[in-house]
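*Asks:* Input structure: start-v6.csv, which contains CSV, C-alpha atoms.
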chain,number,residue,atom,x,y,z
R,921,MET,CA,90.9,86.6,61.1
R,922,ARG,CA,89.9,90.3,61.1
R,923,VAL,CA,90.6,92.6,64.0
R,924,SER,CA,87.0,92.2,65.3
R,925,GLU,CA,87.4,88.4,65.7
R,926,LEU,CA,90.9,88.9,67.1
R,927,SER,CA,89.3,91.1,69.8
R,928,GLN,CA,86.6,88.5,70.5
R,929,ARG,CA,89.1,85.6,70.7
R,930,SER,CA,91.6,87.4,72.9
R,931,GLY,CA,89.2,89.3,75.1
R,932,VAL,CA,91.1,92.6,74.3
R,933,SER,CA,89.1,95.6,73.0
R,934,ILE,CA,89.8,96.8,69.5
R,935,ALA,CA,91.0,100.2,70.9
R,936,SER,CA,93.6,98.4,73.1
R,937,ILE,CA,94.7,96.2,70.1
R,938,LYS,CA,95.3,99.4,68.1
R,939,TYR,CA,97.2,101.0,71.0
R,940,TYR,CA,99.5,97.9,71.3
R,941,LEU,CA,100.1,98.0,67.5
R,942,ARG,CA,101.1,101.7,67.8
R,943,GLU,CA,103.3,101.0,70.8
R,944,GLY,CA,105.1,98.2,69.0
R,945,LEU,CA,103.9,95.5,71.4
R,946,LEU,CA,102.2,93.6,68.7
R,947,VAL,CA,103.3,93.1,65.1
R,948,GLY,CA,100.8,94.1,62.4
R,949,GLY,CA,98.6,91.5,60.6
R,950,ALA,CA,99.2,90.5,57.0
R,951,GLN,CA,97.7,93.0,54.5
R,952,THR,CA,95.1,91.7,52.1
R,953,ALA,CA,94.2,92.9,48.6
R,954,THR,CA,91.3,94.9,50.1
R,955,ASN,CA,93.9,96.6,52.3
R,956,GLN,CA,92.6,95.0,55.4
R,957,ALA,CA,94.9,93.4,58.0
R,958,VAL,CA,94.5,89.7,58.7
R,959,TYR,CA,95.6,88.2,62.1
R,960,SER,CA,96.7,84.7,63.1
R,961,GLU,CA,96.7,82.5,66.2
R,962,HIS,CA,100.1,84.0,67.0
R,963,HIS,CA,98.3,87.4,67.6
R,964,VAL,CA,95.7,85.8,69.9
R,965,ARG,CA,98.4,84.2,72.0
R,966,ARG,CA,100.5,87.3,72.0
R,967,LEU,CA,97.6,89.5,73.2
R,968,ARG,CA,96.8,87.1,76.0
R,969,LEU,CA,100.4,87.2,77.0
R,970,ILE,CA,100.5,91.1,77.0
R,971,ARG,CA,97.3,91.3,79.1
R,972,SER,CA,98.6,88.7,81.6
R,973,LEU,CA,101.9,90.6,82.0
R,974,ILE,CA,100.2,94.0,82.5
R,975,ASP,CA,97.0,93.0,84.4
R,976,ILE,CA,98.3,90.1,86.5
R,977,GLY,CA,102.1,90.7,86.5
R,978,GLY,CA,101.8,94.4,87.0
R,979,LEU,CA,104.4,95.2,84.2
R,980,SER,CA,104.4,98.6,82.5
R,981,ILE,CA,104.0,99.1,78.8
R,982,SER,CA,107.6,100.0,78.4
R,983,HIS,CA,108.8,96.8,80.2
R,984,VAL,CA,106.5,94.7,78.1
R,985,ARG,CA,107.9,96.3,75.0
R,986,ALA,CA,111.5,95.8,76.1
R,987,THR,CA,111.0,92.1,76.9
R,988,LEU,CA,109.0,91.3,73.8
R,989,ALA,CA,111.7,92.9,71.6
R,990,ALA,CA,113.8,90.0,72.8
R,991,VAL,CA,111.2,87.5,71.6
R,992,GLU,CA,111.2,88.9,68.0
R,993,ASP,CA,115.0,89.0,67.5
R,994,ASP,CA,115.8,85.7,65.9
R,995,SER,CA,119.5,86.4,65.4
R,996,THR,CA,120.5,85.8,69.0
R,997,SER,CA,121.0,82.4,70.7
R,998,ILE,CA,118.2,81.1,73.0
R,999,HIS,CA,120.4,81.8,76.0
R,1000,ASP,CA,120.9,85.5,74.9
R,1001,ALA,CA,117.2,85.8,74.2
R,1002,PHE,CA,116.4,84.5,77.8
R,1003,GLY,CA,119.0,87.0,79.1
R,1004,ALA,CA,117.4,89.8,77.1
R,1005,VAL,CA,114.0,88.9,78.7
R,1006,MET,CA,115.5,89.1,82.2
R,1007,HIS,CA,117.3,92.3,81.4
R,1008,GLY,CA,114.2,93.9,79.9
R,1009,LEU,CA,112.4,93.5,83.2
R,1010,ASP,CA,114.8,95.9,85.0
R,1011,GLN,CA,116.8,99.0,84.1
R,1012,LEU,CA,120.5,99.7,84.4
R,1013,PRO,CA,121.1,102.7,86.8
R,1014,ASP,CA,121.1,105.8,84.6
R,1015,GLU,CA,123.4,107.8,86.8
R,1016,ASP,CA,126.3,107.3,89.2
R,1017,GLU,CA,125.3,105.1,92.1
R,1018,PRO,CA,125.7,106.3,95.7
R,1019,VAL,CA,128.8,104.9,97.4
R,1020,GLU,CA,126.7,102.6,99.7
R,1021,VAL,CA,125.1,101.0,96.6
R,1022,LYS,CA,128.5,100.6,95.0
R,1023,THR,CA,129.7,98.8,98.1
R,1024,ALA,CA,126.7,96.5,98.0
R,1025,TYR,CA,127.3,95.9,94.3
R,1026,GLY,CA,130.8,94.6,95.0
R,1027,GLU,CA,129.3,92.2,97.6
R,1028,VAL,CA,126.7,91.0,95.1
R,1029,GLN,CA,129.4,90.3,92.6
R,1030,THR,CA,131.4,88.3,95.2
R,1031,TRP,CA,128.2,86.4,96.2
R,1032,LEU,CA,127.4,85.5,92.6
R,1033,ALA,CA,130.9,84.3,92.0
R,1034,ASP,CA,130.7,82.2,95.2
R,1035,ARG,CA,127.5,80.6,93.9
R,1036,ASP,CA,129.0,80.0,90.5
R,1037,TRP,CA,126.1,82.0,88.9
R,1038,ASN,CA,127.3,83.3,85.6
R,1039,ILE,CA,125.6,86.7,84.9
R,1040,GLU,CA,126.2,89.0,81.9
R,1041,PRO,CA,128.2,92.2,82.8
R,1042,ASN,CA,125.3,94.3,81.4
R,1043,ALA,CA,122.6,92.6,83.5
R,1044,PRO,CA,120.6,95.1,85.6
R,1045,ALA,CA,119.6,92.7,88.3
R,1046,PRO,CA,122.9,92.8,90.3
R,1047,HIS,CA,122.6,96.6,90.4
R,1048,ARG,CA,119.0,96.4,91.5
R,1049,LEU,CA,119.8,93.8,94.2
R,1050,ALA,CA,122.6,96.1,95.5
R,1051,GLU,CA,120.2,99.0,95.6
R,1052,LEU,CA,117.7,97.0,97.7
R,1053,VAL,CA,120.4,95.8,100.1
R,1054,ALA,CA,121.6,99.4,100.5
R,1055,THR,CA,118.0,100.6,101.2
R,1056,LEU,CA,117.6,98.0,103.9
R,1057,ARG,CA,120.9,99.1,105.5
R,1058,ARG,CA,119.8,102.7,105.4
R,1059,PHE,CA,116.9,101.7,107.6
R,1060,ASP,CA,119.3,99.8,109.9
R,1061,PHE,CA,118.4,96.2,108.8
R,1062,PRO,CA,121.5,94.2,109.5
R,1063,ILE,CA,121.5,92.4,106.1
R,1064,MET,CA,124.3,90.5,104.4
R,1065,LEU,CA,124.2,88.8,101.0
R,1066,THR,CA,124.7,85.4,102.7
R,1067,ASP,CA,121.4,85.9,104.4
R,1068,PHE,CA,119.9,85.1,101.0
R,1069,ASP,CA,121.7,81.8,100.7
R,1070,ALA,CA,118.8,79.5,101.7
R,1071,ALA,CA,116.3,81.4,99.5
R,1072,ALA,CA,118.9,81.2,96.6
R,1073,ASP,CA,119.3,77.5,97.0
R,1074,THR,CA,115.6,77.0,96.7
R,1075,VAL,CA,115.1,79.3,93.7
R,1076,GLU,CA,118.1,77.7,92.0
R,1077,ARG,CA,116.3,74.4,91.9
R,1078,THR,CA,113.0,75.8,90.6
R,1079,ALA,CA,114.9,78.1,88.1
R,1080,LYS,CA,116.5,75.0,86.5
R,1081,ALA,CA,113.1,73.4,86.1
R,1082,GLN,CA,111.6,76.5,84.6
R,1083,VAL,CA,114.4,77.0,82.1
R,1084,GLU,CA,114.2,73.3,81.0
R,1085,TYR,CA,110.4,73.5,80.7
R,1086,ALA,CA,110.7,76.7,78.5
R,1087,ARG,CA,113.5,75.2,76.3
R,1088,ALA,CA,111.4,72.1,75.6
R,1089,MET,CA,108.8,74.3,73.8
R,1090,PRO,CA,108.2,73.4,70.1
R,1091,ASP,CA,109.6,76.7,68.8
R,1092,ARG,CA,111.7,79.6,69.7
R,1093,THR,CA,108.9,82.1,70.1
R,1094,ALA,CA,107.0,79.8,72.4
R,1095,ALA,CA,110.2,79.2,74.4
R,1096,VAL,CA,110.9,82.9,75.0
R,1097,GLU,CA,107.2,83.7,75.7
R,1098,THR,CA,107.1,80.8,78.2
R,1099,MET,CA,110.2,82.1,79.9
R,1100,LEU,CA,108.8,85.6,80.2
R,1101,LEU,CA,105.4,84.6,81.5
R,1102,GLY,CA,106.9,82.1,83.9
R,1103,THR,CA,109.3,84.6,85.3
R,1104,VAL,CA,106.9,87.4,85.9
R,1105,ILE,CA,104.0,85.3,87.2
R,1106,LEU,CA,106.1,83.0,89.4
R,1107,GLU,CA,107.9,85.9,91.1
R,1108,ARG,CA,104.6,87.5,91.8
R,1109,ALA,CA,103.3,84.2,93.3
R,1110,LEU,CA,106.4,84.0,95.4
R,1111,ALA,CA,105.8,87.5,96.7
R,1112,GLU,CA,102.2,86.6,97.6
R,1113,ILE,CA,103.4,83.4,99.4
R,1114,ARG,CA,105.9,85.5,101.4
R,1115,ARG,CA,103.0,87.9,102.4
R,1116,LEU,CA,101.0,84.9,103.6
R,1117,ALA,CA,104.0,83.5,105.5
R,1118,LEU,CA,104.4,86.9,107.3
R,1119,GLU,CA,100.8,87.0,108.3
R,1120,ALA,CA,100.9,83.4,109.5
R,1121,ALA,CA,104.2,84.0,111.4
R,1122,SER,CA,102.7,87.0,113.2
R,1123,PHE,CA,99.6,85.0,114.1
R,1124,ARG,CA,101.8,82.2,115.6
R,1125,ILE,CA,103.9,84.5,117.7
R,1126,ASP,CA,100.7,85.8,119.4
R,1127,ARG,CA,99.2,82.3,119.7
R,1128,ASP,CA,102.3,80.7,121.2
R,1129,LYS,CA,102.9,83.5,123.7
E,1003,MET,CA,112.4,122.2,111.7
E,1004,ARG,CA,110.8,124.1,108.8
E,1005,VAL,CA,109.7,122.5,105.5
E,1006,SER,CA,113.0,123.7,103.8
E,1007,GLU,CA,115.1,121.8,106.4
E,1008,LEU,CA,112.8,118.8,106.2
E,1009,SER,CA,113.4,118.8,102.4
E,1010,GLN,CA,117.1,119.0,102.8
E,1011,ARG,CA,117.3,116.3,105.5
E,1012,SER,CA,115.1,113.8,103.7
E,1013,GLY,CA,116.3,114.5,100.2
E,1014,VAL,CA,112.6,115.0,99.0
E,1015,SER,CA,111.7,118.3,97.2
E,1016,ILE,CA,109.3,120.7,98.8
E,1017,ALA,CA,106.9,120.2,95.9
E,1018,SER,CA,106.8,116.4,96.6
E,1019,ILE,CA,106.4,117.0,100.4
E,1020,LYS,CA,103.4,119.2,99.7
E,1021,TYR,CA,102.0,116.6,97.3
E,1022,TYR,CA,102.4,113.8,100.0
E,1023,LEU,CA,100.7,116.1,102.6
E,1024,ARG,CA,97.7,116.6,100.2
E,1025,GLU,CA,97.5,112.9,99.4
E,1026,GLY,CA,97.5,112.0,103.1
E,1027,LEU,CA,100.8,110.0,103.0
E,1028,LEU,CA,102.3,112.4,105.5
E,1029,VAL,CA,100.6,114.0,108.6
E,1030,GLY,CA,101.0,117.8,108.8
E,1031,GLY,CA,103.6,119.5,111.1
E,1032,ALA,CA,102.7,121.3,114.3
E,1033,GLN,CA,101.4,124.8,113.7
E,1034,THR,CA,103.4,127.6,115.4
E,1035,ALA,CA,102.1,131.1,116.5
E,1036,THR,CA,103.4,132.6,113.3
E,1037,ASN,CA,101.2,130.0,111.5
E,1038,GLN,CA,104.1,128.1,110.1
E,1039,ALA,CA,104.3,124.3,110.3
E,1040,VAL,CA,107.1,122.7,112.2
E,1041,TYR,CA,108.3,119.2,111.4
E,1042,SER,CA,110.1,116.5,113.5
E,1043,GLU,CA,112.4,113.5,113.1
E,1044,HIS,CA,109.3,111.4,112.6
E,1045,HIS,CA,108.6,113.3,109.3
E,1046,VAL,CA,112.2,112.8,108.1
E,1047,ARG,CA,112.0,109.1,108.7
E,1048,ARG,CA,108.5,108.8,107.1
E,1049,LEU,CA,109.6,110.7,104.0
E,1050,ARG,CA,112.6,108.4,103.5
E,1051,LEU,CA,110.2,105.4,104.0
E,1052,ILE,CA,107.7,106.8,101.4
E,1053,ARG,CA,110.5,107.4,98.8
E,1054,SER,CA,112.0,103.9,99.4
E,1055,LEU,CA,108.6,102.3,98.9
E,1056,ILE,CA,107.9,104.3,95.7
E,1057,ASP,CA,111.3,104.5,94.1
E,1058,ILE,CA,112.9,101.2,95.2
E,1059,GLY,CA,109.9,99.1,96.0
E,1060,GLY,CA,107.8,100.2,93.0
E,1061,LEU,CA,104.7,100.9,95.0
E,1062,SER,CA,102.0,103.2,93.8
E,1063,ILE,CA,100.8,106.3,95.8
E,1064,SER,CA,97.5,104.5,96.6
E,1065,HIS,CA,99.3,101.4,97.9
E,1066,VAL,CA,101.6,103.6,100.1
E,1067,ARG,CA,98.5,105.4,101.4
E,1068,ALA,CA,96.6,102.2,102.2
E,1069,THR,CA,99.6,100.6,104.0
E,1070,LEU,CA,100.5,103.8,105.9
E,1071,ALA,CA,96.9,104.1,107.2
E,1072,ALA,CA,97.6,100.9,109.1
E,1073,VAL,CA,100.7,102.5,110.7
E,1074,GLU,CA,98.7,105.5,112.1
E,1075,ASP,CA,95.7,103.5,113.5
E,1076,ASP,CA,96.7,102.9,117.2
E,1077,SER,CA,93.5,101.2,118.1
E,1078,THR,CA,94.3,97.8,116.6
E,1079,SER,CA,96.6,95.1,117.9
E,1080,ILE,CA,100.1,94.9,116.5
E,1081,HIS,CA,99.1,91.6,114.7
E,1082,ASP,CA,96.1,93.4,113.1
E,1083,ALA,CA,98.3,96.3,112.1
E,1084,PHE,CA,100.8,93.9,110.4
E,1085,GLY,CA,97.8,92.3,108.7
E,1086,ALA,CA,96.6,95.7,107.5
E,1087,VAL,CA,100.0,96.4,106.0
E,1088,MET,CA,100.0,93.1,104.1
E,1089,HIS,CA,96.4,93.6,103.0
E,1090,GLY,CA,97.1,97.2,101.9
E,1091,LEU,CA,99.7,95.9,99.4
E,1092,ASP,CA,97.0,94.0,97.4
E,1093,GLN,CA,93.4,94.5,96.5
E,1094,LEU,CA,90.5,92.2,96.9
E,1095,PRO,CA,88.9,91.2,93.6
E,1096,ASP,CA,86.3,93.9,92.8
E,1097,GLU,CA,84.1,91.6,90.8
E,1098,ASP,CA,83.1,87.9,90.5
E,1099,GLU,CA,86.1,85.8,89.8
E,1100,PRO,CA,86.2,83.5,86.7
E,1101,VAL,CA,85.5,79.8,87.5
E,1102,GLU,CA,89.1,78.7,87.1
E,1103,VAL,CA,90.2,81.4,89.6
E,1104,LYS,CA,87.6,80.1,92.1
E,1105,THR,CA,88.8,76.6,91.6
E,1106,ALA,CA,92.4,77.7,92.3
E,1107,TYR,CA,91.2,79.7,95.3
E,1108,GLY,CA,89.8,76.6,96.8
E,1109,GLU,CA,93.1,74.8,96.3
E,1110,VAL,CA,94.9,77.8,98.0
E,1111,GLN,CA,92.6,77.5,101.0
E,1112,THR,CA,93.3,73.8,101.3
E,1113,TRP,CA,97.1,74.4,100.9
E,1114,LEU,CA,97.1,77.1,103.6
E,1115,ALA,CA,95.2,74.8,106.0
E,1116,ASP,CA,97.6,72.0,105.3
E,1117,ARG,CA,100.5,74.4,106.2
E,1118,ASP,CA,98.7,75.6,109.3
E,1119,TRP,CA,99.0,79.2,108.0
E,1120,ASN,CA,96.3,81.2,109.7
E,1121,ILE,CA,95.1,84.0,107.3
E,1122,GLU,CA,92.3,86.5,107.8
E,1123,PRO,CA,89.2,85.8,105.6
E,1124,ASN,CA,89.4,89.3,104.1
E,1125,ALA,CA,93.1,88.9,103.1
E,1126,PRO,CA,93.6,89.6,99.4
E,1127,ALA,CA,96.8,87.5,99.0
E,1128,PRO,CA,95.0,84.1,98.6
E,1129,HIS,CA,92.8,85.6,95.8
E,1130,ARG,CA,95.9,87.1,94.1
E,1131,LEU,CA,97.8,83.8,94.4
E,1132,ALA,CA,94.7,81.9,92.9
E,1133,GLU,CA,94.7,84.4,90.0
E,1134,LEU,CA,98.4,83.8,89.3
E,1135,VAL,CA,98.0,80.0,89.4
E,1136,ALA,CA,95.0,80.3,87.1
E,1137,THR,CA,97.0,82.5,84.7
E,1138,LEU,CA,99.8,79.9,84.6
E,1139,ARG,CA,97.4,77.1,83.8
E,1140,ARG,CA,95.7,79.2,81.0
E,1141,PHE,CA,99.2,79.1,79.4
E,1142,ASP,CA,99.4,75.3,80.0
E,1143,PHE,CA,101.9,75.5,82.9
E,1144,PRO,CA,101.2,72.2,84.8
E,1145,ILE,CA,101.2,74.0,88.2
E,1146,MET,CA,99.9,72.7,91.6
E,1147,LEU,CA,100.0,74.5,94.9
E,1148,THR,CA,102.3,71.8,96.3
E,1149,ASP,CA,104.9,72.9,93.8
E,1150,PHE,CA,105.4,75.9,96.0
E,1151,ASP,CA,106.1,73.8,99.2
E,1152,ALA,CA,109.9,74.1,99.1
E,1153,ALA,CA,109.7,77.8,98.5
E,1154,ALA,CA,107.1,78.2,101.3
E,1155,ASP,CA,109.3,76.2,103.7
E,1156,THR,CA,112.1,78.7,103.1
E,1157,VAL,CA,110.1,81.9,103.3
E,1158,GLU,CA,108.4,80.5,106.5
E,1159,ARG,CA,111.7,80.6,108.3
E,1160,THR,CA,112.7,84.1,107.0
E,1161,ALA,CA,109.2,85.4,107.7
E,1162,LYS,CA,109.5,84.4,111.4
E,1163,ALA,CA,112.8,86.2,111.6
E,1164,GLN,CA,111.4,89.3,110.0
E,1165,VAL,CA,108.3,89.5,112.2
E,1166,GLU,CA,110.4,89.0,115.4
E,1167,TYR,CA,112.8,91.7,114.2
E,1168,ALA,CA,110.0,94.2,113.6
E,1169,ARG,CA,108.2,93.4,116.9
E,1170,ALA,CA,111.4,94.1,118.8
E,1171,MET,CA,111.4,97.7,117.6
E,1172,PRO,CA,111.1,100.3,120.5
E,1173,ASP,CA,107.7,101.6,119.5
E,1174,ARG,CA,104.6,100.6,117.5
E,1175,THR,CA,105.2,103.1,114.7
E,1176,ALA,CA,108.8,101.8,114.2
E,1177,ALA,CA,107.5,98.2,114.3
E,1178,VAL,CA,104.9,98.7,111.6
E,1179,GLU,CA,107.2,100.8,109.4
E,1180,THR,CA,109.9,98.1,109.7
E,1181,MET,CA,107.4,95.4,108.8
E,1182,LEU,CA,106.2,97.4,105.7
E,1183,LEU,CA,109.7,98.3,104.4
E,1184,GLY,CA,111.0,94.7,105.1
E,1185,THR,CA,108.1,93.2,103.2
E,1186,VAL,CA,108.3,95.3,100.1
E,1187,ILE,CA,112.1,95.5,99.8
E,1188,LEU,CA,112.8,91.8,100.6
E,1189,GLU,CA,110.2,90.5,98.2
E,1190,ARG,CA,111.8,92.7,95.4
E,1191,ALA,CA,115.2,91.3,96.4
E,1192,LEU,CA,113.8,87.8,96.2
E,1193,ALA,CA,112.5,88.5,92.7
E,1194,GLU,CA,115.9,89.9,91.6
E,1195,ILE,CA,117.6,86.8,93.0
E,1196,ARG,CA,115.1,84.6,91.0
E,1197,ARG,CA,116.0,86.5,87.8
E,1198,LEU,CA,119.7,85.9,88.5
E,1199,ALA,CA,119.1,82.2,89.2
E,1200,LEU,CA,117.2,81.9,85.9
E,1201,GLU,CA,120.0,83.5,83.9
E,1202,ALA,CA,122.6,81.3,85.7
E,1203,ALA,CA,120.5,78.2,85.1
E,1204,SER,CA,120.2,78.9,81.4
E,1205,PHE,CA,124.0,79.5,81.1
E,1206,ARG,CA,124.7,76.1,82.9
E,1207,ILE,CA,122.4,74.2,80.5
E,1208,ASP,CA,124.4,75.5,77.5
E,1209,ARG,CA,127.8,74.9,79.2
E,1210,ASP,CA,127.0,71.3,80.4
E,1211,LYS,CA,125.6,70.2,77.0
Please go through the file and, once you have read it, give me the structure as structure tokens.
*Replies:*
Amino acid sequence: MRVSELSQRSGVSIASIKYYLREGLLVGGAQTATNQAVYSEHHVRRLRLIRSLIDIGGLSISHVRATLAAVEDDSTSIHDAFGAVMHGLDQLPDEDEPVEVKTAYGEVQTWLADRDWNIEPNAPAPHRLAELVATLRRFDFPIMLTDFDAAADTVERTAKAQVEYARAMPDRTAAVETMLLGTVILERALAEIRRLALEAASFRIDRDK
Amino acid sequence: MRVSELSQRSGVSIASIKYYLREGLLVGGAQTATNQAVYSEHHVRRLRLIRSLIDIGGLSISHVRATLAAVEDDSTSIHDAFGAVMHGLDQLPDEDEPVEVKTAYGEVQTWLADRDWNIEPNAPAPHRLAELVATLRRFDFPIMLTDFDAAADTVERTAKAQVEYARAMPDRTAAVETMLLGTVILERALAEIRRLALEAASFRIDRDK
């Protein structure tokens, strides 16, 4: 299909499609003899994914680019591709971390080992979690990593289901796309559920007084 | 203290302080006879809160403004102030929702009623959750609201603890600030834990093959 039909099918404007092509979020269509690009179902699906990640998941263009790079790279194992998706969602700290973040990072590593969660040494998430714990402590929240145990037990079960669901996809591209979308959208859903739980909890405290 | 000391104490540049004053995120200091503004400990704490919400929590300036407006408004009950904080983190849909989002919204309302979670009719979170569910379904994820039951049970317990902790603060400003910071930082922490759980789950599947 031509770019006009691609725009219609995906619901994304031609200007946005050209922007995503320039930014490397979308690979170009096949060139025809008349020097026009022809697009496939793959492009329709990819555009819907990009829009969902940006509009619904709240991801930035650079995060979408970093995570989609993992989808394209066929040379890695599926586990490494899933890892690259996770790592693309965060950034490694670009400078020396303050001492209280380093302390929290050590606690995160111990906690991960206790849970038998095997995480790549270059994963940004343990650094980000350490930074969040240090922030809470700076505001006098008395937080320990073990306070997250119950939540971690719950997400451990749903994570297994999500990974198995993604790995059962018919091809590698669909598997990695499914993993990315599921991760971003489900963590947003969990955040919304948490906000609802907080409002409900506050209501109950007043009611039961 | 003068603005130079406020900058030093909070670690926020004078240019950023002036920007936050213009944007209404920070109330001005008291004017002295020499027509200089004098700032208090309240400003130091507020600046640290603003920076944590933006840098660590990833909030936009407009979301920070919307939620902090709830902190300043003394005329509402503490429950309404907490609600305003939650509602400031999201936006109500500004146009008619697609039919599949409306369907999901009905399911969200039923699910909330089943859980006995009392939510204000003007809360954006049920709309956002419906949108996320509809997005997952558009990509053929077979998701039902009851799939979130286990996660909701867990966050229900931690939400109660967070609300009680915030309400025990010595004054109203501290209570609402604590609620806001706890909500934003803890939901980011939960998202990072979920990403770690996904990487760990993928590793286990390969190992146990």
*Asks:* Report as an mmCIF file with C-alpha atoms, in the frame of the given file the set of chain E residues whose atoms approach chain R to within 6 Å, with distances computed over all atoms listed in the file.
*Replies:*
data_model
loop_
_atom_site.group_PDB
_atom_site.id
_atom_site.type_symbol
_atom_site.label_atom_id
_atom_site.label_comp_id
_atom_site.auth_asym_id
_atom_site.auth_seq_id
_atom_site.Cartn_x
_atom_site.Cartn_y
_atom_site.Cartn_z
ATOM 1 C CA TRP E 1119 99.000 79.200 108.000
ATOM 2 C CA ASN E 1120 96.300 81.200 109.700
ATOM 3 C CA ALA E 1127 96.800 87.500 99.000
ATOM 4 C CA LEU E 1131 97.800 83.800 94.400
ATOM 5 C CA VAL E 1157 110.100 81.900 103.300
ATOM 6 C CA GLU E 1158 108.400 80.500 106.500
ATOM 7 C CA ALA E 1161 109.200 85.400 107.700
ATOM 8 C CA LYS E 1162 109.500 84.400 111.400
ATOM 9 C CA GLU E 1189 110.200 90.500 98.200
ATOM 10 C CA ALA E 1191 115.200 91.300 96.400
ATOM 11 C CA ALA E 1193 112.500 88.500 92.700
ATOM 12 C CA GLU E 1194 115.900 89.900 91.600
ATOM 13 C CA ARG E 1196 115.100 84.600 91.000
ATOM 14 C CA ALA E 1199 119.100 82.200 89.200
ATOM 15 C CA LEU E 1200 117.200 81.900 85.900
ATOM 16 C CA ALA E 1202 122.600 81.300 85.700
ATOM 17 C CA ALA E 1203 120.500 78.200 85.100
#
*Asks:* Within 9 Å of Arg922 of chain R, counting all atoms listed in the file, which residues show up once you throw out same-chain ones fewer than 4 positions away? Write them as a list in words, please.
*Replies:* Leu926, Ser927, Gly949, Gln956, Ala957, Val958 and Tyr959 of chain R
*Asks:* What do you get for the Cα RMSD if chain E is superposed onto chain R using all Cα atoms in their order?
*Replies:*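 The fitted C-alpha deviation between chain R and chain E is 0.1 Å.
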*Asks:* Could you check how far atom CA of Ile937 of chain R sits from atom CA of His1065 of chain E, in Å to one decimal?
*Replies:*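 Rounded to one decimal, the two atoms are 28.7 Å apart.
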*Asks:* Could you check which residues have any atom within 12 Å of (102.2, 96.9, 68.9), counting only C-alpha atoms with coordinates taken straight from the file, and then list them as a short mmCIF file (atom, residue, chain, number, x, y, z; two decimals) with C-alpha atoms, keeping the file's coordinate frame?
*Replies:*
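Everything below was put into point.cif:
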data_model
loop_
_atom_site.label_atom_id
_atom_site.label_comp_id
_atom_site.auth_asym_id
_atom_site.auth_seq_id
_atom_site.Cartn_x
_atom_site.Cartn_y
_atom_site.Cartn_z
CA ALA R 935 91.00 100.20 70.90
CA SER R 936 93.60 98.40 73.10
CA ILE R 937 94.70 96.20 70.10
CA LYS R 938 95.30 99.40 68.10
CA TYR R 939 97.20 101.00 71.00
CA TYR R 940 99.50 97.90 71.30
CA LEU R 941 100.10 98.00 67.50
CA ARG R 942 101.10 101.70 67.80
CA GLU R 943 103.30 101.00 70.80
CA GLY R 944 105.10 98.20 69.00
CA LEU R 945 103.90 95.50 71.40
CA LEU R 946 102.20 93.60 68.70
CA VAL R 947 103.30 93.10 65.10
CA GLY R 948 100.80 94.10 62.40
CA GLY R 949 98.60 91.50 60.60
CA HIS R 963 98.30 87.40 67.60
CA ARG R 966 100.50 87.30 72.00
CA LEU R 967 97.60 89.50 73.20
CA ILE R 970 100.50 91.10 77.00
CA ILE R 981 104.00 99.10 78.80
CA SER R 982 107.60 100.00 78.40
CA VAL R 984 106.50 94.70 78.10
CA ARG R 985 107.90 96.30 75.00
CA ALA R 986 111.50 95.80 76.10
CA LEU R 988 109.00 91.30 73.80
CA ALA R 989 111.70 92.90 71.60
#
*Asks:* Give me, please, the distance in Å between atom CA of Pro1095 of chain E and atom CA of Thr1148 of chain E, quoted to one decimal.
*Replies:*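 Here the two named atoms are 23.7 Å from each other.
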*Asks:* Distance atom CA of Ile1056 of chain E-atom CA of Ala1054 of chain R, one decimal place?
*Replies:*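 Separation between atom CA of Ile1056 of chain E and atom CA of Ala1054 of chain R: 15.3 Å.
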*Asks:* Considering all atoms listed in the file, can you say which of E:Met1003, E:Thr1034, E:Met1146, E:Leu1061 comes closest to Val1046 of chain E?
*Replies:*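 Once distances to Val1046 of chain E are computed over all atoms listed in the file, the minimum belongs to E:Met1003.
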*Asks:* Select, from E:Asp1057, E:Gly1090, E:Ile1016, E:Val1110, the residue with the minimum atom-to-atom distance to Ala1072 of chain E, counting all atoms listed in the file.
*Replies:*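 Under the stated criterion, the closest residue is E:Gly1090.
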*Asks:* Identify, on the basis of only C-alpha atoms, every residue whose closest approach to Thr1175 of chain E does not exceed 9 Å; exclude the query and any residue fewer than 6 positions from it along the same chain; express the result as an MDAnalysis selection string.
*Replies:* chainID E and resid 1073:1074 1076
*Asks:* For the structure just given, write the atoms of segment 1090-1095 of chain R, namely N, CA and C atoms, as a PDB file, in the first residue's frame.
*Replies:*
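Output contents, as saved in decode_26.pdb:
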ATOM      1  N   PRO R1090       3.614 -16.110  17.155  1.00  0.00           N
ATOM      2  CA  PRO R1090       4.076 -16.890  15.996  1.00  0.00           C
ATOM      3  C   PRO R1090       5.475 -16.511  15.503  1.00  0.00           C
ATOM      4  N   ASP R1091       5.914 -15.260  15.678  1.00  0.00           N
ATOM      5  CA  ASP R1091       7.267 -14.925  15.232  1.00  0.00           C
ATOM      6  C   ASP R1091       7.950 -13.996  16.241  1.00  0.00           C
ATOM      7  N   ARG R1092       9.245 -13.812  16.009  1.00  0.00           N
ATOM      8  CA  ARG R1092      10.078 -13.053  16.922  1.00  0.00           C
ATOM      9  C   ARG R1092       9.622 -11.597  17.062  1.00  0.00           C
ATOM     10  N   THR R1093       9.323 -10.967  15.919  1.00  0.00           N
ATOM     11  CA  THR R1093       8.891  -9.562  15.953  1.00  0.00           C
ATOM     12  C   THR R1093       7.629  -9.414  16.803  1.00  0.00           C
ATOM     13  N   ALA R1094       6.647 -10.290  16.577  1.00  0.00           N
ATOM     14  CA  ALA R1094       5.404 -10.230  17.350  1.00  0.00           C
ATOM     15  C   ALA R1094       5.677 -10.471  18.824  1.00  0.00           C
ATOM     16  N   ALA R1095       6.620 -11.378  19.130  1.00  0.00           N
ATOM     17  CA  ALA R1095       6.947 -11.679  20.533  1.00  0.00           C
ATOM     18  C   ALA R1095       7.508 -10.451  21.237  1.00  0.00           C
TER      19      ALA R1095
END
